[in-house]
Structure formats: C-alpha cells, structure tokens
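Data block for model-v6.txt (compact mmCIF, C-alpha atoms):
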# COMPACT_ATOMS: atom_id res chain seq x y z
CA MET A 1 33.90 173.78 92.73
CA ALA A 2 30.43 174.59 94.02
CA SER A 3 28.39 177.42 92.57
CA PRO A 4 28.40 180.66 94.63
CA GLU A 5 25.47 181.24 96.96
CA GLN A 6 24.38 184.69 98.18
CA PRO A 7 23.60 185.07 101.93
CA ALA A 8 20.16 186.39 102.81
CA ALA A 9 20.34 190.12 103.54
CA LYS A 10 18.18 193.17 103.57
CA ARG A 11 18.67 194.71 100.12
CA VAL A 12 17.63 197.87 98.37
CA LYS A 13 14.98 197.05 95.77
CA VAL A 14 15.87 197.51 92.12
CA GLU A 15 13.06 199.39 90.42
CA ALA A 16 14.10 198.96 86.80
CA ALA A 17 13.48 195.71 84.95
CA SER A 18 16.42 193.37 85.32
CA PRO A 19 18.33 192.11 82.28
CA GLY A 20 18.32 188.45 81.33
CA LYS A 21 20.30 185.82 83.22
CA ASP A 22 23.13 185.64 80.66
CA GLU A 23 23.39 189.44 80.51
CA MET A 24 23.59 189.61 84.29
CA ALA A 25 26.30 186.95 84.34
CA GLU A 26 28.32 188.90 81.77
CA ALA A 27 28.00 192.09 83.82
CA ILE A 28 29.04 190.26 87.01
CA PHE A 29 32.04 188.86 85.15
CA ARG A 30 33.13 192.37 84.12
CA SER A 31 32.73 193.67 87.67
CA TRP A 32 34.91 190.87 89.06
CA ASP A 33 37.52 191.17 86.30
CA ARG A 34 39.40 193.95 88.06
CA ASP A 35 42.44 193.91 85.77
CA ASP A 36 40.35 193.75 82.56
CA SER A 37 42.29 190.67 81.43
CA GLY A 38 39.24 188.91 80.05
CA ALA A 39 39.67 186.06 82.55
CA LEU A 40 39.01 185.68 86.27
CA ASP A 41 41.96 184.34 88.23
CA PHE A 42 41.65 182.78 91.67
CA GLU A 43 42.36 186.03 93.52
CA GLU A 44 39.49 187.75 91.71
CA ILE A 45 36.99 184.97 92.46
CA PHE A 46 38.10 184.09 96.00
CA PRO A 47 36.60 187.03 97.99
CA HIS A 48 33.18 186.66 96.35
CA TYR A 49 33.18 182.87 96.71
CA MET A 50 34.02 183.10 100.42
CA LYS A 51 31.15 185.56 101.00
CA SER A 52 28.74 182.77 100.21
CA VAL A 53 27.04 181.21 103.23
CA ASN A 54 28.18 177.68 102.36
CA HIS A 55 31.87 178.56 102.20
CA GLN A 56 32.66 180.80 105.17
CA GLU A 57 34.33 178.03 107.17
CA MET A 58 36.59 176.86 104.34
CA GLN A 59 40.32 177.58 104.34
CA GLU A 60 41.91 179.31 101.36
CA ALA A 61 44.10 176.32 100.51
CA ARG A 62 41.01 174.09 100.25
CA VAL A 63 39.17 176.60 98.05
CA ARG A 64 42.21 176.97 95.82
CA GLU A 65 42.40 173.20 95.44
CA GLN A 66 38.74 173.04 94.45
CA TYR A 67 39.17 175.89 91.98
CA THR A 68 42.11 174.10 90.35
CA LYS A 69 40.20 170.80 90.10
CA PHE A 70 37.12 172.53 88.67
CA MET A 71 39.15 174.38 86.03
CA GLU A 72 41.06 171.27 85.00
CA SER A 73 37.81 169.26 84.81
CA LYS A 74 36.58 171.79 82.26
CA GLY A 75 39.83 171.68 80.27
CA ALA A 76 40.79 175.18 81.41
CA ASP A 77 44.16 176.35 82.70
CA PRO A 78 43.85 177.61 86.33
CA LYS A 79 46.80 179.95 85.74
CA VAL A 80 45.06 181.64 82.83
CA GLY A 81 41.77 182.01 84.68
CA MET A 82 38.07 181.52 84.03
CA LYS A 83 36.93 182.88 80.67
CA PRO A 84 33.45 184.45 80.19
CA GLU A 85 31.86 181.37 78.61
CA LEU A 86 32.96 179.11 81.50
CA PHE A 87 31.87 181.74 84.03
CA ARG A 88 28.41 181.88 82.46
CA SER A 89 28.20 178.09 82.70
CA TRP A 90 29.29 178.20 86.36
CA MET A 91 26.77 180.93 87.24
CA GLY A 92 24.14 179.23 85.09
CA ARG A 93 23.63 176.56 87.72
CA LEU A 94 22.10 179.18 90.00
CA ASP A 95 18.46 180.11 89.61
CA GLU A 96 17.66 183.56 88.22
CA ASP A 97 16.85 185.07 91.63
CA LYS A 98 20.29 184.17 93.01
CA VAL A 99 22.00 185.57 89.91
CA LEU A 100 19.94 188.74 90.34
CA LYS A 101 21.18 189.10 93.90
CA HIS A 102 24.79 188.92 92.68
CA TYR A 103 23.96 191.39 89.91
CA GLU A 104 22.44 193.89 92.33
CA ARG A 105 25.34 193.64 94.74
CA HIS A 106 28.33 193.50 92.40
CA VAL A 107 27.13 195.44 89.36
CA LEU A 108 24.60 197.94 90.70
CA GLY A 109 26.51 198.45 93.94
CA VAL A 110 23.56 197.64 96.23
CA SER A 111 24.69 197.29 99.86
CA ASP A 112 23.12 196.64 103.25
CA GLY A 113 23.66 200.27 104.23
CA LYS A 114 26.04 203.20 103.98
CA TYR A 115 29.76 202.57 104.48
CA ASP A 116 31.30 204.28 107.51
CA MET A 117 35.01 204.11 106.63
CA ASN A 118 37.13 207.02 105.45
CA ILE A 119 40.81 208.03 105.18
CA ASN A 120 40.27 211.78 105.38
CA LYS A 121 43.48 212.40 107.33
CA ALA A 122 45.57 210.89 104.53
CA VAL A 123 44.10 212.74 101.56
CA ASP A 124 43.60 216.29 100.35
CA LYS A 125 40.25 217.81 101.33
CA ALA A 126 38.98 217.60 97.74
CA PHE A 127 39.27 213.78 97.94
CA GLU A 128 37.54 213.26 101.26
CA GLY A 129 34.64 210.86 100.81
CA LYS A 130 35.97 209.48 97.52
CA SER A 131 36.36 205.77 96.84
CA LEU A 132 39.77 204.12 96.99
CA LYS A 133 39.69 203.67 93.21
CA GLU A 134 39.00 207.36 92.65
CA ILE A 135 41.87 208.34 94.93
CA LEU A 136 44.28 205.84 93.39
CA ASP A 137 43.52 207.11 89.89
CA ALA A 138 44.07 210.73 90.98
CA PRO A 139 47.36 212.70 90.78
CA THR A 140 49.77 212.20 93.69
CA SER A 141 48.78 215.63 95.02
CA ALA A 142 45.60 213.90 96.27
CA ILE A 143 47.74 212.60 99.14
CA GLN A 144 47.85 214.93 102.11
CA GLY A 145 51.25 216.60 102.34
CA ILE A 146 52.22 216.22 98.68
CA SER A 147 52.22 219.69 97.17
CA ASP A 148 51.89 220.51 93.49
CA LYS A 149 55.68 220.88 93.49
CA GLY A 150 56.06 217.44 95.01
CA ALA A 151 53.63 215.97 92.49
CA GLU A 152 55.61 217.52 89.65
CA ALA A 153 58.81 216.02 91.07
CA LEU A 154 57.24 212.56 91.24
CA ALA A 155 55.86 212.88 87.72
CA GLU A 156 59.43 213.45 86.51
CA VAL A 157 60.31 209.93 87.66
CA GLY A 158 57.15 208.39 86.18
CA VAL A 159 55.06 208.43 89.35
CA LYS A 160 51.96 210.28 88.19
CA THR A 161 49.08 208.81 90.19
CA VAL A 162 48.51 207.68 93.76
CA ARG A 163 48.46 204.11 92.42
CA ASP A 164 51.91 204.64 90.89
CA LEU A 165 53.08 205.96 94.26
CA GLY A 166 51.90 202.87 96.15
CA GLN A 167 53.39 200.46 93.60
CA TRP A 168 56.70 202.24 92.93
CA ARG A 169 59.44 199.63 92.67
CA PHE A 170 62.03 201.68 94.58
CA TYR A 171 59.72 202.42 97.51
CA LEU A 172 58.86 198.71 97.83
CA MET A 173 62.55 197.76 97.82
CA ALA A 174 63.41 200.49 100.33
CA ARG A 175 60.56 199.44 102.62
CA ALA A 176 61.72 195.82 102.53
CA ILE A 177 65.26 196.85 103.46
CA VAL A 178 63.97 199.01 106.33
CA THR A 179 61.89 196.09 107.63
CA LEU A 180 64.74 193.56 107.61
CA ALA A 181 67.68 195.81 108.54
CA GLU A 182 66.67 195.84 112.20
CA LYS A 183 67.04 192.04 112.24
CA GLU A 184 70.59 192.15 110.92
CA ASP A 185 73.29 191.08 113.39
CA PRO A 186 76.35 193.29 112.92
CA VAL A 187 78.46 191.20 115.31
CA LYS A 188 78.01 187.69 113.90
CA PRO A 189 77.63 187.70 110.12
CA PRO A 190 77.14 184.17 108.71
CA GLN A 191 80.32 182.43 107.54
CA SER A 192 78.75 181.46 104.21
CA ARG A 193 77.81 185.06 103.35
CA LEU A 194 75.47 183.99 100.58
CA MET A 195 72.65 186.43 101.28
CA ASN A 196 72.55 189.40 98.91
CA ILE A 197 70.29 191.75 96.93
CA ARG A 198 72.83 192.24 94.19
CA SER A 199 70.35 192.82 91.38
CA ALA A 200 68.77 195.68 93.30
CA MET A 201 71.96 197.65 93.92
CA ASP A 202 74.54 199.47 91.85
CA ARG A 203 77.78 197.54 91.56
CA SER A 204 79.56 199.73 94.14
CA TYR A 205 77.11 198.76 96.88
CA GLU A 206 76.43 195.09 96.12
CA THR A 207 78.29 193.73 99.17
CA MET A 208 77.07 196.22 101.78
CA SER A 209 75.00 195.29 104.82
CA LEU A 210 71.31 196.17 104.98
CA LYS A 211 71.99 198.75 107.68
CA GLY A 212 74.70 200.29 105.56
CA ILE A 213 72.40 200.48 102.55
CA LEU A 214 69.83 202.45 104.57
CA LYS A 215 72.22 205.40 104.75
CA LEU A 216 72.78 205.57 101.00
CA PRO A 217 70.93 207.89 98.61
CA PRO A 218 68.16 206.28 96.52
CA SER A 219 70.43 206.44 93.47
CA ALA A 220 72.40 203.57 95.03
CA PHE A 221 69.64 201.36 93.64
CA ASN A 222 70.28 199.74 90.29
CA MET A 223 68.16 201.35 87.52
CA PHE A 224 67.88 204.60 89.52
CA PRO A 225 69.42 207.67 87.78
CA ALA A 226 71.53 209.90 90.00
CA GLU A 227 69.56 213.04 89.09
CA VAL A 228 66.46 211.57 90.74
CA ASP A 229 68.10 212.09 94.15
CA GLY A 230 67.76 215.84 93.68
CA ILE A 231 64.18 215.52 92.49
CA LEU A 232 63.11 213.50 95.56
CA ASP A 233 64.99 215.80 97.92
CA ALA A 234 63.50 218.98 96.45
CA GLY A 235 59.96 217.66 96.13
CA LEU A 236 59.59 215.32 99.13
CA LYS A 237 62.65 215.85 101.37
CA ILE A 238 63.70 212.24 100.78
CA GLN A 239 67.49 211.93 100.89
CA THR A 240 68.22 208.32 101.83
CA ILE A 241 66.93 204.82 101.16
CA GLN A 242 65.79 204.75 104.77
CA SER A 243 63.70 207.93 104.44
CA LEU A 244 62.16 206.56 101.23
CA GLY A 245 61.29 203.23 102.87
CA MET A 246 59.77 204.98 105.91
CA SER A 247 57.76 207.56 103.96
CA LYS A 248 54.21 207.74 105.31
CA LYS A 249 52.92 209.13 102.02
CA PHE A 250 54.18 206.12 100.07
CA ALA A 251 52.88 203.81 102.82
CA TRP A 252 49.39 205.32 102.68
CA ALA A 253 49.30 204.91 98.91
CA ASN A 254 50.50 201.30 99.15
CA ALA A 255 47.83 200.51 101.75
CA MET A 256 45.18 201.93 99.41
CA VAL A 257 46.46 199.74 96.57
CA GLU A 258 46.08 196.65 98.74
CA LEU A 259 42.61 197.47 100.06
CA GLU A 260 41.22 198.63 96.71
CA LYS A 261 41.38 194.99 95.59
CA TYR A 262 38.41 194.37 97.88
CA GLU A 263 36.40 197.50 97.17
CA ALA A 264 33.01 197.03 95.54
CA SER A 265 31.82 199.63 93.06
CA ALA A 266 28.88 200.08 90.74
CA GLN A 267 29.70 199.51 87.10
CA ALA A 268 28.80 201.95 84.33
Please render this file's structure as structure tokens.
Amino acid sequence: MASPEQPAAKRVKVEAASPGKDEMAEAIFRSWDRDDSGALDFEEIFPHYMKSVNHQEMQEARVREQYTKFMESKGADPKVGMKPELFRSWMGRLDEDKVLKHYERHVLGVSDGKYDMNINKAVDKAFEGKSLKEILDAPTSAIQGISDKGAEALAEVGVKTVRDLGQWRFYLMARAIVTLAEKEDPVKPPQSRLMNIRSAMDRSYETMSLKGILKLPPSAFNMFPAEVDGILDAGLKIQTIQSLGMSKKFAWANAMVELEKYEASAQA
C-alpha cells in the first residue's frame, strides 16, 4: 500500500514551530482514530488515502485489497487495524514537509478556506454554526422541534444525545420496514414464505406482513417495553412503527451521524 501523498493547495501558514516528525505522526494517528480504539481500520484510513493525488482514480475495492496485502505483509491483522507503531512506519516514508502538510490539515484543522455548509433549519438556534460533532454530542433538544419535554421523554428510554437519536436501534428497524413495506405484494405472497424479521418482533407479531407491522405501536418490537409507547406519544407524538420510521427528527440525526464520519476537526 503506497504512502499517502498530499495534493498541492493554498494553505494557511503555521506560525508556531512544528513538532518532530514522529510527534506529528502520532498526532495524525489520533485525529484519524475517530473511535479511539487505538487502531486505524480501513474505513478510518480510506477517506484520507483517497484524497491523495495519486489515488483519486482508484476504486474502493482495489484500495481495500492493497490495504489488506500491506497489513498482512507486516504481520498485522487487517480486521484489527493499523496500530500506532505501524502507522508511524507507514508515514515515515514521507519526507518531513509532506508529514507537516498532513499535520496542519488533520490536526491543526487548516483548510483552503471557510466552509459554507450549514444545517440551521434542522437545529435549535443555539446550535446554528456548530460542527456536526458538537451537535451530535448535544442533548436531543438541539434538534429543531424537540422540546425540553420531548428530550426528557427520550432520555427515559436511554436516548440522551443527538447521536443516540440517530443510532437508536428501534428507529433504524422502523425506517427499514417503512422502506421495504411499499415493495410488498399483498396479492401474491411467495409460496415458500421464508422471509421474516422474527427476532425484531414480539411473538404475537412474528408472522405479520411488513405493511401490517407499520400500523402497530412501537412496543410491538421485541425488547421494547410497553410503557415506552406512552413516552413517545407524549413527547414526540409518535404512535406507530410507521410514524417512528418516518420521523424527520430521527432522520436528521441519523444523517448527521453518517456525515460526521467525514468531518475534519482540529485536535486539542
């Protein structure tokens, strides 16, 4: 797997003296290690690798193959990820100026200009202009339309932050059912009748159609206490699996979770 190259770009100058090459590599590692696992998996390396001028035309499958071969050639498990010492060795093949460019961009947050994007119409006014990470780490009331009462209701079911909201198991299941229910043929069910989501549903609803499930209360899900129906209704006016799966507030939070994976931020 080739070493990463940094494309030429107009950059803000760093006034302070830069740390040594190994120190910069360690800081870059920490900035890429988004889950703080102590190892960089393919998904954490891939976006930065593809930014490099020599790799823009490569397909993901090819890059993944190279990553696997490189890791195995170093006696490392691709599934575990690249540990700091191997990362330093990989970055060490770059000259100090190229490492500095990565350091400025990924650690200090240097960019080619100000970012124009915002999601002001999805968040409370106090969170306008904040980063995706800041919003995701905030209470659910940061989402526009979720009142303090609604946030309290969500907290009762363990959903305390916007990140929790976007990753909530029951929303993701409900959304999947909403997506596929419209493709269900009520006239010609398959003779084999093998398709099911049995583990997701309470025993009473295991054999129902997707369209039938949409009309049920969220408590029809396995692992979902009945009293939560009242909490969601009172706090968010969600009464059915369909209304949960179609909730814009949950959808906004989920979209933030996905895009935050690609957000660059300066490290402390």
- Item | Selection: 12 Å around Ser147 in chain A, all atoms listed in the file, excl. self and same-chain fewer than 2 positions, as an MDAnalysis selection string | chainID A and resid 123:124 139:145 149:154 234:237 249
- Task: Return the single residue from A:Pro217, A:Asn118, A:Leu94, A:Ala155 that is closest to Met201 in chain A, with distances computed using all atoms listed in the file.
- Result: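 Of A:Pro217, A:Asn118, A:Leu94, A:Ala155, the one nearest Met201 in chain A is A:Pro217, counting all atoms listed in the file.
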- Message: Report, in Å to a single decimal, how far apart CA of Phe46 in chain A and CA of Asp116 in chain A are.
- Response: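 Taking CA of Asp116 in chain A and CA of Phe46 in chain A, their separation equals 24.2 Å.
Relative to CA of Lys130 in chain A, CA of Met24 in chain A is found at 26.9 Å.
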- Pick out the residues sitting within 10 Å of Met91 in chain A, and hand them over as an MDAnalysis selection string; count all atoms listed in the file, and ignore anything fewer than 3 positions along from it in its own chain. chainID A and resid 2:5 21:22 24:26 28:29 86:88 94:96 98:99 102
- Could you check how far CA of Phe250 in chain A sits from CA of Ser199 in chain A, in Å to one decimal?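 Straight-line distance from CA of Phe250 in chain A to CA of Ser199 in chain A works out to 22.7 Å.
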Can you sort out range 226-260 of chain A so it carries N, CA and C atoms, written as a compact mmCIF listing (two decimals), in the frame of the given file?
# COMPACT_ATOMS: atom_id res chain seq x y z
N ALA A 226 71.02 209.06 88.93
CA ALA A 226 71.53 209.90 90.00
C ALA A 226 70.75 211.20 90.14
N GLU A 227 70.25 211.75 89.01
CA GLU A 227 69.56 213.04 89.09
C GLU A 227 68.24 212.95 89.84
N VAL A 228 67.72 211.73 90.02
CA VAL A 228 66.46 211.57 90.74
C VAL A 228 66.64 211.88 92.23
N ASP A 229 67.85 211.73 92.75
CA ASP A 229 68.10 212.09 94.15
C ASP A 229 67.68 213.54 94.41
N GLY A 230 68.10 214.42 93.53
CA GLY A 230 67.76 215.84 93.68
C GLY A 230 66.28 216.09 93.56
N ILE A 231 65.62 215.35 92.68
CA ILE A 231 64.18 215.52 92.49
C ILE A 231 63.42 215.11 93.75
N LEU A 232 63.78 213.96 94.34
CA LEU A 232 63.11 213.50 95.56
C LEU A 232 63.41 214.40 96.74
N ASP A 233 64.61 214.91 96.82
CA ASP A 233 64.99 215.80 97.92
C ASP A 233 64.21 217.11 97.82
N ALA A 234 64.17 217.69 96.63
CA ALA A 234 63.50 218.98 96.45
C ALA A 234 61.99 218.86 96.61
N GLY A 235 61.41 217.78 96.11
CA GLY A 235 59.96 217.66 96.13
C GLY A 235 59.39 217.03 97.38
N LEU A 236 60.14 216.08 98.01
CA LEU A 236 59.59 215.32 99.13
C LEU A 236 60.52 215.23 100.34
N LYS A 237 61.67 215.88 100.27
CA LYS A 237 62.65 215.85 101.37
C LYS A 237 63.11 214.42 101.67
N ILE A 238 63.19 213.60 100.64
CA ILE A 238 63.70 212.24 100.78
C ILE A 238 65.14 212.22 100.30
N GLN A 239 66.07 211.86 101.20
CA GLN A 239 67.49 211.93 100.89
C GLN A 239 68.20 210.58 100.98
N THR A 240 67.59 209.63 101.65
CA THR A 240 68.22 208.32 101.83
C THR A 240 67.24 207.20 101.52
N ILE A 241 67.78 205.99 101.35
CA ILE A 241 66.93 204.82 101.16
C ILE A 241 66.05 204.60 102.39
N GLN A 242 66.58 204.90 103.54
CA GLN A 242 65.79 204.75 104.77
C GLN A 242 64.60 205.71 104.78
N SER A 243 64.81 206.98 104.43
CA SER A 243 63.70 207.93 104.44
C SER A 243 62.67 207.59 103.37
N LEU A 244 63.11 207.01 102.26
CA LEU A 244 62.16 206.56 101.23
C LEU A 244 61.33 205.40 101.76
N GLY A 245 61.99 204.41 102.37
CA GLY A 245 61.29 203.23 102.87
C GLY A 245 60.36 203.51 104.03
N MET A 246 60.60 204.63 104.75
CA MET A 246 59.77 204.98 105.91
C MET A 246 58.76 206.08 105.60
N SER A 247 58.67 206.47 104.34
CA SER A 247 57.76 207.56 103.96
C SER A 247 56.30 207.18 104.22
N LYS A 248 55.62 207.99 105.02
CA LYS A 248 54.21 207.74 105.31
C LYS A 248 53.35 207.92 104.06
N LYS A 249 53.73 208.86 103.21
CA LYS A 249 52.92 209.13 102.02
C LYS A 249 52.92 207.92 101.08
N PHE A 250 54.09 207.33 100.89
CA PHE A 250 54.18 206.12 100.07
C PHE A 250 53.43 204.98 100.75
N ALA A 251 53.54 204.89 102.08
CA ALA A 251 52.88 203.81 102.82
C ALA A 251 51.37 203.92 102.72
N TRP A 252 50.84 205.13 102.82
CA TRP A 252 49.39 205.32 102.68
C TRP A 252 48.93 204.85 101.29
N ALA A 253 49.66 205.27 100.28
CA ALA A 253 49.30 204.91 98.91
C ALA A 253 49.35 203.40 98.72
N ASN A 254 50.37 202.75 99.28
CA ASN A 254 50.50 201.30 99.15
C ASN A 254 49.35 200.59 99.86
N ALA A 255 48.95 201.10 101.02
CA ALA A 255 47.83 200.51 101.75
C ALA A 255 46.54 200.62 100.94
N MET A 256 46.36 201.75 100.25
CA MET A 256 45.18 201.93 99.41
C MET A 256 45.18 200.92 98.26
N VAL A 257 46.35 200.71 97.66
CA VAL A 257 46.46 199.74 96.57
C VAL A 257 46.01 198.36 97.03
N GLU A 258 46.44 197.97 98.23
CA GLU A 258 46.08 196.65 98.74
C GLU A 258 44.58 196.53 99.03
N LEU A 259 44.01 197.56 99.67
CA LEU A 259 42.61 197.47 100.06
C LEU A 259 41.65 197.68 98.90
N GLU A 260 42.09 198.39 97.87
CA GLU A 260 41.22 198.63 96.71
C GLU A 260 40.85 197.33 96.00
